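Visitor: Dumping the structure here so I can ask a few things about it.
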Amino acid sequence: MRLALLLLLLTPSFALAWGQNGHRITGAIATTLLSSQAQATIDSIIGNESLAEASTWPDFMRSSDAPFWRQSSPLHYVTVPPHKHYHEVGAPPQGDAITGLKQFTKTLQSNTASREDKATALRFVIHIIGDLHQPLHAGNGTDRGGNDFKVSYFSEPSNLHRVWDTQMIESQNLSYTEYTQFLNRRINNALIQEYTSTNPEVWIEESTAIRDTIYPENDKLYYEYPYKHIDTVNERLIQAGIRIAAYLNQVLREQDVN
């Protein structure tokens with residue numbers, strides 16, 4: 001696959017951001033906010049595949065033995081140490097979510113890229129935007145985005161990354177469509193205006209600010225932890241959905257003329 005030229009090195013992988021339901025929720029929210037032009041272009045690339053379905057594909061394919069997928073882990077996160085900003089540290093040699101987003105966006109806008117490469121690019125754009133809204137996918141560089149920060153969640157052995165990826169969402173006992181309906185009722189024009197930012201550095205800045213407040217003092221997490229943080233989880237899912245749509249509306253309007 002030609003897009004494999006993006007990837008240079010294997011690095012330790014993070015857990016899968018938001019889990020399947022979290023990513024599907026962001027894709028489903030985004031679907032309701034697409035422009036007619038963006039929706040038509042997306043349909044021409046992936047046909048009947050929904051954004052919710054497309055959103056989980058980059059994680060699912062990491063089980064493939066193909067070199068591209070074995071080397072794709074860096075495209076799911078960024079590393080920003082405490083008291084730093086992304087523009088100060090930038091991407092490592094193997095790339096990261098920002099370099100991936102830029103390259104996949106370029107492919108998505110290209111007039112010469114194949115439909116297959118555009119489909120891969122579209123799925124990654126959706127997925128990466130979701131990833132960058134999970135606070136621990138803007139890792140501090142010390143614990144693999146909370147994967148090495150061991151906790152128990154309602155007496156189940158876990159880690160902080162998994163709690164944020166999956167467990168707080170799954171503990172709501174909602175399907176992704178039910179969860180999407182629950183969150184969509186909160187979205188109005190004022191909220192869309194407030195959250196419509198297509199600048200990835202804004203998303204990262206938000207994630208690092210949240211990240212530095214979510215490490216618990218006690219590693220045994222019970223009701224108090226989700227009570228304290230579930231509103232933030234929901235806000236980040238809403239923001240990601242709004243921004244996936246805003247980003248696609250923008251980049252699919254700015255087609256490559258070269």
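Note on naming: chains are A, B, ... as they come in the structure tokens, residues start from 1 per chain, ligands start from 1 in the order shown.
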Need to verify the contact set: segment 141-152 of chain A, 10 Å, only C-alpha atoms, exclusion of same-chain residues closer than 3 positions in sequence. Can you return it as a ChimeraX atom specification?
Guide: /A:12-15,77-82,134-138,155-164,211,215-216,218-222
Visitor: Quick one: which segment 192-257 of chain A residues come within 12 Å of segment 50-61 of chain A, and what is the nearest atom pair for each with the distance in Å to one decimal, counting only C-alpha atoms, rows ordered by chain and ascending number, as a tab-separated table?
Guide:
```
residue	atom	partner	partner_atom	distance
A:Ala240	CA	A:Ser55	CA	11.6
A:Gly241	CA	A:Leu51	CA	10.2
A:Ile244	CA	A:Leu51	CA	9.7
A:Ala245	CA	A:Leu51	CA	10.0
A:Leu248	CA	A:Leu51	CA	11.2
```
Visitor: Which of segment 84-168 of chain A end up as alpha helix (DSSP H) when DSSP is run on this backbone - answer as a ChimeraX atom specification?
Guide: /A:86-89,97-109,115-132,160-162,168
Visitor: Write the selection just made, keeping N, CA and C atoms, as a tab-separated table (two decimals), in the first residue's frame?
Guide:
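As a result, selection-v2.tsv now contains:
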```
chain	number	residue	atom	x	y	z
A	86	TYR	N	2.23	21.29	21.60
A	86	TYR	CA	2.63	20.42	20.49
A	86	TYR	C	3.60	21.13	19.55
A	87	HIS	N	3.39	22.40	19.27
A	87	HIS	CA	4.26	23.10	18.32
A	87	HIS	C	5.69	23.22	18.84
A	88	GLU	N	5.87	23.05	20.16
A	88	GLU	CA	7.22	23.10	20.73
A	88	GLU	C	7.95	21.78	20.59
A	89	VAL	N	7.21	20.67	20.63
A	89	VAL	CA	7.87	19.36	20.60
A	89	VAL	C	7.79	18.70	19.23
A	97	ALA	N	0.08	11.23	15.09
A	97	ALA	CA	-1.27	11.47	14.59
A	97	ALA	C	-1.36	12.71	13.73
A	98	ILE	N	-0.57	13.73	14.04
A	98	ILE	CA	-0.63	14.97	13.26
A	98	ILE	C	-0.02	14.77	11.87
A	99	THR	N	1.13	14.14	11.79
A	99	THR	CA	1.71	13.89	10.48
A	99	THR	C	0.82	12.95	9.67
A	100	GLY	N	0.21	11.98	10.35
A	100	GLY	CA	-0.72	11.10	9.66
A	100	GLY	C	-1.92	11.85	9.13
A	101	LEU	N	-2.49	12.72	9.97
A	101	LEU	CA	-3.66	13.47	9.55
A	101	LEU	C	-3.34	14.35	8.34
A	102	LYS	N	-2.18	14.96	8.34
A	102	LYS	CA	-1.80	15.81	7.21
A	102	LYS	C	-1.67	15.00	5.93
A	103	GLN	N	-1.00	13.85	6.01
A	103	GLN	CA	-0.79	13.06	4.81
A	103	GLN	C	-2.09	12.45	4.29
A	104	PHE	N	-2.92	11.95	5.22
A	104	PHE	CA	-4.19	11.36	4.79
A	104	PHE	C	-5.13	12.43	4.22
A	105	THR	N	-5.07	13.63	4.77
A	105	THR	CA	-5.87	14.73	4.22
A	105	THR	C	-5.42	15.05	2.81
A	106	LYS	N	-4.11	15.08	2.59
A	106	LYS	CA	-3.59	15.34	1.25
A	106	LYS	C	-4.08	14.28	0.26
A	107	THR	N	-4.05	13.03	0.69
A	107	THR	CA	-4.53	11.94	-0.18
A	107	THR	C	-6.02	12.10	-0.46
A	108	LEU	N	-6.78	12.44	0.58
A	108	LEU	CA	-8.22	12.58	0.44
A	108	LEU	C	-8.58	13.69	-0.54
A	109	GLN	N	-7.77	14.74	-0.59
A	109	GLN	CA	-8.04	15.87	-1.48
A	109	GLN	C	-7.47	15.70	-2.88
A	115	ARG	N	-9.22	5.30	-5.57
A	115	ARG	CA	-10.36	5.23	-4.64
A	115	ARG	C	-9.98	4.43	-3.39
A	116	GLU	N	-9.20	3.38	-3.57
A	116	GLU	CA	-8.77	2.56	-2.42
A	116	GLU	C	-7.96	3.40	-1.43
A	117	ASP	N	-7.00	4.17	-1.95
A	117	ASP	CA	-6.18	5.00	-1.06
A	117	ASP	C	-7.01	6.10	-0.42
A	118	LYS	N	-7.98	6.64	-1.18
A	118	LYS	CA	-8.85	7.66	-0.59
A	118	LYS	C	-9.73	7.07	0.51
A	119	ALA	N	-10.17	5.83	0.33
A	119	ALA	CA	-10.98	5.19	1.36
A	119	ALA	C	-10.16	4.99	2.64
A	120	THR	N	-8.92	4.53	2.46
A	120	THR	CA	-8.03	4.39	3.62
A	120	THR	C	-7.82	5.74	4.29
A	121	ALA	N	-7.58	6.76	3.49
A	121	ALA	CA	-7.34	8.10	4.02
A	121	ALA	C	-8.56	8.62	4.78
A	122	LEU	N	-9.74	8.45	4.21
A	122	LEU	CA	-10.96	8.93	4.86
A	122	LEU	C	-11.17	8.25	6.20
A	123	ARG	N	-11.00	6.95	6.23
A	123	ARG	CA	-11.19	6.21	7.48
A	123	ARG	C	-10.20	6.67	8.54
A	124	PHE	N	-8.96	6.92	8.12
A	124	PHE	CA	-7.97	7.40	9.08
A	124	PHE	C	-8.27	8.80	9.57
A	125	VAL	N	-8.71	9.69	8.68
A	125	VAL	CA	-9.04	11.06	9.10
A	125	VAL	C	-10.12	11.02	10.18
A	126	ILE	N	-11.17	10.25	9.95
A	126	ILE	CA	-12.24	10.12	10.94
A	126	ILE	C	-11.69	9.59	12.25
A	127	HIS	N	-10.88	8.56	12.14
A	127	HIS	CA	-10.36	7.88	13.33
A	127	HIS	C	-9.38	8.76	14.11
A	128	ILE	N	-8.47	9.41	13.42
A	128	ILE	CA	-7.45	10.22	14.08
A	128	ILE	C	-8.08	11.39	14.82
A	129	ILE	N	-9.07	12.03	14.22
A	129	ILE	CA	-9.73	13.14	14.92
A	129	ILE	C	-10.36	12.63	16.21
A	130	GLY	N	-10.99	11.47	16.15
A	130	GLY	CA	-11.50	10.87	17.38
A	130	GLY	C	-10.40	10.61	18.39
A	131	ASP	N	-9.31	10.01	17.94
A	131	ASP	CA	-8.18	9.71	18.83
A	131	ASP	C	-7.69	10.96	19.57
A	132	LEU	N	-7.55	12.05	18.84
A	132	LEU	CA	-6.97	13.25	19.44
A	132	LEU	C	-7.89	13.91	20.47
A	160	LEU	N	-5.36	3.17	33.25
A	160	LEU	CA	-6.09	4.42	33.07
A	160	LEU	C	-6.52	4.63	31.63
A	161	HIS	N	-5.68	4.20	30.69
A	161	HIS	CA	-6.04	4.35	29.28
A	161	HIS	C	-7.30	3.56	28.95
A	162	ARG	N	-7.36	2.35	29.41
A	162	ARG	CA	-8.53	1.51	29.14
A	162	ARG	C	-9.79	2.09	29.78
A	168	MET	N	-15.51	3.54	30.98
A	168	MET	CA	-16.52	4.52	31.40
A	168	MET	C	-17.67	4.60	30.40
```
Visitor: With distances taken over only C-alpha atoms, which residue among A:Gly19, A:Ile242, A:Asn48, A:Ser72 lies nearest Asn188 of chain A?
Guide: A:Ile242
Visitor: List the spatial neighbours of Ala38 of chain A as a PyMOL selection string - criterion: any atom at most 8 Å away, only C-alpha atoms, same-chain residues fewer than 5 positions off excluded.
Guide: chain A and resi 248-249+252-253
Visitor: Mind checking DSSP for segment 51-139 of chain A and telling me the strand (DSSP E) residues as a ChimeraX atom specification?
Guide: /A:78-79,138-139
Visitor: Please measure the separation of atom CA of Ile214 of chain A and atom CA of Pro226 of chain A, giving the value in Å to one decimal.
Guide: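 If I compute the distance from atom CA of Ile214 of chain A to atom CA of Pro226 of chain A, I get 10.6 Å.
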Visitor: Hey, what's within 6 Å of segment 191-200 of chain A if we count only C-alpha atoms and toss same-chain stuff fewer than 5 positions away? As a list in words, please?
Guide: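 Contacts, in chain order: Gln239, Arg243 and Tyr247 of chain A.
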